[in-house]
Amino acid sequence: MKIKDSHRVLAGMLLSMTLSSAYAADSTQVNEQQKNGQLENTKQQEIEKEKNKLAEDPTKVVTQLGASYGGDQLKFSGSIGLGPVNKINASVDADGSEWRLGGSWLFDVGIVNVNFGKKEFDDDSNQNNYSIGTFMPLSFFGFEPWGTQVFAMAGYTYNDGEVACDTSEQLCGNDFDINDMNGTVAFVPSTSSAGYAGFFALKPITEKVRIISVAAGSLGSNDYHGYLFALGAGYSITKRQSVAAYGFLQDNNYGHDEQLGISYKYQFN
């Protein structure tokens, strides 16, 4: 009888251990499923958050395509979202004279952009620009005056290109190719490194209408300096489509540019 009782006790212990192991495995599986579900929900919430940002929000990571017309130039632009936090950005004029290519990475406190591109001015001066910069939403720190979304912007740029110089009116030095002159206008090579800072602001007026404003200044080596001011209004046709009208004024060592324009964007996701 004692041997049989021992067998019964042993069998009971083995059964208890088996049930405990099965319960632990089930609990681990449930916890893993809950964890995966929470991660999926968080990811979905981030995607929805990006979709619901205003069309002009500089921290928006989506896939979209747009076109604008200003200064007698048609320009195409777009971005390809590579995930919830990064994207590729590009823009080009219809004649290919001006273009920009870069990428963006979104963080909790803002977005970092890396770009390079080329710009031409009316006097045929040209500027190649390589930059890294950020937009930081001040709402992250609780600053949203009168419902205005304010983004602090700052960064570093390296510039090289050619500046038009009228030899009949200006001292242009000797650092230019005399065979590349256009009449009395010489194109003088120029390079500089600079820092810039400013703000970008969006003020919703209604659910579909907002005011857009930008102001920035830059200062750097070789007496480089510049500024940019812009003001406009945006309108959401649908959740995916938006239009904007704008005017801007830009000036730096390479040239001066001012435009009135309109733009259209279509968001794919």
# chains A, B, ... in the order shown; residues from 1 in each chain; ligands from 1

$ select_by_dssp --residues "stretch 111-266 of chain A" --states "helix (DSSP H, G or I)" --output "list in words"
Leu138, Ser139, Phe140, Phe141, Pro145, Trp146, Gly147, Ile178, Asn179 and Asp180 of chain A

$ residues_around --residues "stretch 59-63 of chain A" --least-positions-apart "2" --cutoff "9 Å" --atoms "only C-alpha atoms" --output "ChimeraX atom specification"
/A:47,50-51,53-57,65,78-88,104-106,110-112,135-137,266-269

$ select_by_dssp --residues "stretch 116-264 of chain A" --states "strand (DSSP E or B)" --output "ChimeraX atom specification"
/A:116-120,126-137,149-166,182,185-204,209-220,225-236,241-252,255-264

$ atom_distance --atom1 "atom CA of A:Ile132" --atom2 "atom CA of A:Gly117"
12.1 Å

$ closest_residue --among "A:Ile237, A:Asp122, A:Lys208, A:Leu219" --to "A:Gly71" --atoms "only C-alpha atoms"
A:Asp122

$ residues_around --residues "A:Lys203" --least-positions-apart "6" --cutoff "12 Å" --atoms "only C-alpha atoms" --output "short mmCIF file (atom, residue, chain, number, x, y, z; two decimals) with all heavy atoms, in the first residue's frame"
data_model
loop_
_atom_site.label_atom_id
_atom_site.label_comp_id
_atom_site.auth_asym_id
_atom_site.auth_seq_id
_atom_site.Cartn_x
_atom_site.Cartn_y
_atom_site.Cartn_z
N LEU A 54 -1.93 69.21 -39.98
CA LEU A 54 -2.26 70.14 -41.06
C LEU A 54 -1.37 69.88 -42.27
O LEU A 54 -0.23 69.43 -42.14
CB LEU A 54 -2.08 71.58 -40.58
CG LEU A 54 -3.02 72.03 -39.44
CD1 LEU A 54 -2.66 73.44 -38.99
CD2 LEU A 54 -4.47 71.96 -39.89
N GLU A 56 0.34 71.70 -44.18
CA GLU A 56 1.60 72.43 -44.24
C GLU A 56 2.53 72.14 -43.06
O GLU A 56 3.61 72.74 -42.96
CB GLU A 56 1.34 73.94 -44.31
CG GLU A 56 0.56 74.39 -45.53
CD GLU A 56 -0.94 74.18 -45.40
OE1 GLU A 56 -1.41 73.99 -44.25
OE2 GLU A 56 -1.64 74.20 -46.42
N ASP A 57 2.13 71.28 -42.16
CA ASP A 57 2.94 70.97 -40.97
C ASP A 57 4.29 70.42 -41.41
O ASP A 57 4.37 69.39 -42.07
CB ASP A 57 2.21 69.94 -40.10
CG ASP A 57 2.84 69.75 -38.74
OD1 ASP A 57 4.09 69.73 -38.66
OD2 ASP A 57 2.11 69.59 -37.76
N GLU A 144 1.63 77.46 -27.26
CA GLU A 144 0.74 77.47 -28.42
C GLU A 144 -0.16 78.71 -28.32
O GLU A 144 -1.35 78.61 -28.07
CB GLU A 144 -0.10 76.19 -28.45
CG GLU A 144 -0.63 75.84 -29.82
CD GLU A 144 -1.19 74.43 -29.88
OE1 GLU A 144 -1.07 73.70 -28.88
OE2 GLU A 144 -1.74 74.06 -30.93
N PRO A 145 0.41 79.91 -28.50
CA PRO A 145 -0.33 81.15 -28.25
C PRO A 145 -1.52 81.33 -29.18
O PRO A 145 -1.39 81.24 -30.40
CB PRO A 145 0.73 82.24 -28.49
CG PRO A 145 1.75 81.59 -29.39
CD PRO A 145 1.77 80.15 -29.00
N TRP A 146 -2.68 81.54 -28.58
CA TRP A 146 -3.92 81.75 -29.33
C TRP A 146 -4.19 80.63 -30.34
O TRP A 146 -4.72 80.88 -31.44
CB TRP A 146 -3.92 83.11 -30.02
CG TRP A 146 -3.71 84.24 -29.06
CD1 TRP A 146 -4.61 84.76 -28.17
CD2 TRP A 146 -2.50 84.98 -28.88
NE1 TRP A 146 -4.03 85.77 -27.44
CE2 TRP A 146 -2.74 85.95 -27.85
CE3 TRP A 146 -1.25 84.95 -29.48
CZ2 TRP A 146 -1.77 86.84 -27.43
CZ3 TRP A 146 -0.28 85.84 -29.04
CH2 TRP A 146 -0.55 86.77 -28.04
N GLY A 147 -3.79 79.43 -29.99
CA GLY A 147 -4.03 78.30 -30.87
C GLY A 147 -3.09 78.20 -32.05
O GLY A 147 -3.30 77.40 -32.95
N THR A 148 -2.01 79.01 -32.05
CA THR A 148 -1.07 79.01 -33.16
C THR A 148 0.00 77.93 -32.96
O THR A 148 0.60 77.83 -31.90
CB THR A 148 -0.37 80.38 -33.27
OG1 THR A 148 -1.36 81.40 -33.40
CG2 THR A 148 0.56 80.41 -34.48
N GLN A 149 0.22 77.12 -33.98
CA GLN A 149 1.28 76.13 -33.94
C GLN A 149 2.57 76.79 -34.41
O GLN A 149 2.70 77.17 -35.57
CB GLN A 149 0.94 74.94 -34.85
CG GLN A 149 -0.30 74.18 -34.43
CD GLN A 149 -0.57 72.99 -35.33
OE1 GLN A 149 0.35 72.42 -35.91
NE2 GLN A 149 -1.83 72.62 -35.45
N VAL A 150 3.52 76.94 -33.49
CA VAL A 150 4.79 77.60 -33.79
C VAL A 150 5.90 76.56 -33.80
O VAL A 150 6.03 75.77 -32.87
CB VAL A 150 5.11 78.70 -32.75
CG1 VAL A 150 6.42 79.41 -33.11
CG2 VAL A 150 3.97 79.70 -32.66
N PHE A 151 6.71 76.58 -34.85
CA PHE A 151 7.83 75.66 -34.99
C PHE A 151 9.12 76.48 -35.04
O PHE A 151 9.29 77.32 -35.93
CB PHE A 151 7.72 74.83 -36.27
CG PHE A 151 6.46 74.02 -36.37
CD1 PHE A 151 5.29 74.59 -36.85
CD2 PHE A 151 6.45 72.69 -35.99
CE1 PHE A 151 4.12 73.84 -36.94
CE2 PHE A 151 5.30 71.93 -36.07
CZ PHE A 151 4.13 72.52 -36.55
N VAL A 209 -9.32 76.24 -42.89
CA VAL A 209 -8.51 77.39 -43.31
C VAL A 209 -7.47 77.72 -42.24
O VAL A 209 -7.77 77.68 -41.05
CB VAL A 209 -9.39 78.63 -43.56
CG1 VAL A 209 -8.54 79.82 -43.97
CG2 VAL A 209 -10.44 78.33 -44.62
N ARG A 210 -6.25 78.04 -42.66
CA ARG A 210 -5.20 78.47 -41.73
C ARG A 210 -4.30 79.51 -42.40
O ARG A 210 -4.18 79.54 -43.63
CB ARG A 210 -4.36 77.31 -41.22
CG ARG A 210 -3.70 76.49 -42.29
CD ARG A 210 -4.45 75.22 -42.55
NE ARG A 210 -4.00 74.52 -43.72
CZ ARG A 210 -4.80 73.68 -44.40
NH1 ARG A 210 -6.03 73.46 -44.01
NH2 ARG A 210 -4.36 73.05 -45.44
N ILE A 211 -3.67 80.31 -41.56
CA ILE A 211 -2.69 81.30 -42.01
C ILE A 211 -1.30 80.70 -41.83
O ILE A 211 -1.01 80.06 -40.82
CB ILE A 211 -2.80 82.61 -41.20
CG1 ILE A 211 -4.21 83.20 -41.35
CG2 ILE A 211 -1.75 83.61 -41.66
CD1 ILE A 211 -4.57 83.57 -42.77
N ILE A 212 -0.43 80.92 -42.82
CA ILE A 212 0.94 80.38 -42.80
C ILE A 212 1.92 81.55 -42.79
O ILE A 212 1.78 82.49 -43.58
CB ILE A 212 1.20 79.52 -44.06
CG1 ILE A 212 0.10 78.49 -44.27
CG2 ILE A 212 2.57 78.85 -44.00
CD1 ILE A 212 0.04 77.93 -45.67
N SER A 213 2.91 81.50 -41.91
CA SER A 213 3.92 82.56 -41.89
C SER A 213 5.29 81.97 -41.59
O SER A 213 5.42 80.98 -40.86
CB SER A 213 3.58 83.63 -40.84
OG SER A 213 3.48 83.06 -39.55
N VAL A 214 6.32 82.57 -42.19
CA VAL A 214 7.70 82.13 -42.03
C VAL A 214 8.60 83.35 -41.93
O VAL A 214 8.40 84.33 -42.64
CB VAL A 214 8.17 81.27 -43.23
CG1 VAL A 214 9.57 80.73 -42.99
CG2 VAL A 214 7.21 80.14 -43.53
N LEU A 231 4.36 84.70 -46.28
CA LEU A 231 3.02 84.77 -45.69
C LEU A 231 2.05 84.16 -46.68
O LEU A 231 2.15 84.38 -47.89
CB LEU A 231 2.64 86.22 -45.40
CG LEU A 231 1.32 86.46 -44.67
CD1 LEU A 231 1.36 85.86 -43.26
CD2 LEU A 231 1.00 87.95 -44.61
N GLY A 232 1.11 83.37 -46.16
CA GLY A 232 0.15 82.74 -47.06
C GLY A 232 -1.05 82.21 -46.31
O GLY A 232 -1.21 82.41 -45.10
N ALA A 233 -1.91 81.51 -47.04
CA ALA A 233 -3.10 80.90 -46.46
C ALA A 233 -3.30 79.53 -47.10
O ALA A 233 -3.07 79.35 -48.30
CB ALA A 233 -4.33 81.78 -46.70
N GLY A 234 -3.69 78.56 -46.29
CA GLY A 234 -3.94 77.21 -46.77
C GLY A 234 -5.40 76.82 -46.59
O GLY A 234 -6.08 77.30 -45.67
N TYR A 235 -5.88 75.95 -47.46
CA TYR A 235 -7.27 75.49 -47.41
C TYR A 235 -7.32 73.99 -47.71
O TYR A 235 -6.73 73.53 -48.69
CB TYR A 235 -8.12 76.25 -48.42
CG TYR A 235 -9.56 75.76 -48.51
CD1 TYR A 235 -10.48 76.12 -47.53
CD2 TYR A 235 -9.97 74.93 -49.55
CE1 TYR A 235 -11.80 75.66 -47.60
CE2 TYR A 235 -11.27 74.48 -49.63
CZ TYR A 235 -12.19 74.84 -48.65
OH TYR A 235 -13.48 74.38 -48.71
#

$ closest_residue --among "A:Lys265, A:His256, A:Lys118, A:Arg240" --to "A:Tyr130" --atoms "only C-alpha atoms"
A:Lys118

$ residues_around --residues "A:Phe187" --least-positions-apart "5" --cutoff "6 Å" --atoms "only C-alpha atoms" --output "list in words"
Glu162, Val163 and Ala164 of chain A

$ residues_around --residues "A:Ser97" --least-positions-apart "3" --cutoff "8 Å" --atoms "only C-alpha atoms" --output "VMD selection string"
chain A and resid 92 to 94 118 to 120

$ closest_residue --among "A:Ala201, A:Ser193, A:Gly102, A:Asn159" --to "A:Ser139" --atoms "only C-alpha atoms"
A:Ala201

$ closest_residue --among "A:Val114, A:Val188, A:Ala152, A:Cys172" --to "A:Ala215" --atoms "only C-alpha atoms"
A:Ala152

$ closest_residue --among "A:Thr191, A:Ser236, A:Gln64, A:Thr206" --to "A:Asn222" --atoms "only C-alpha atoms"
A:Thr191
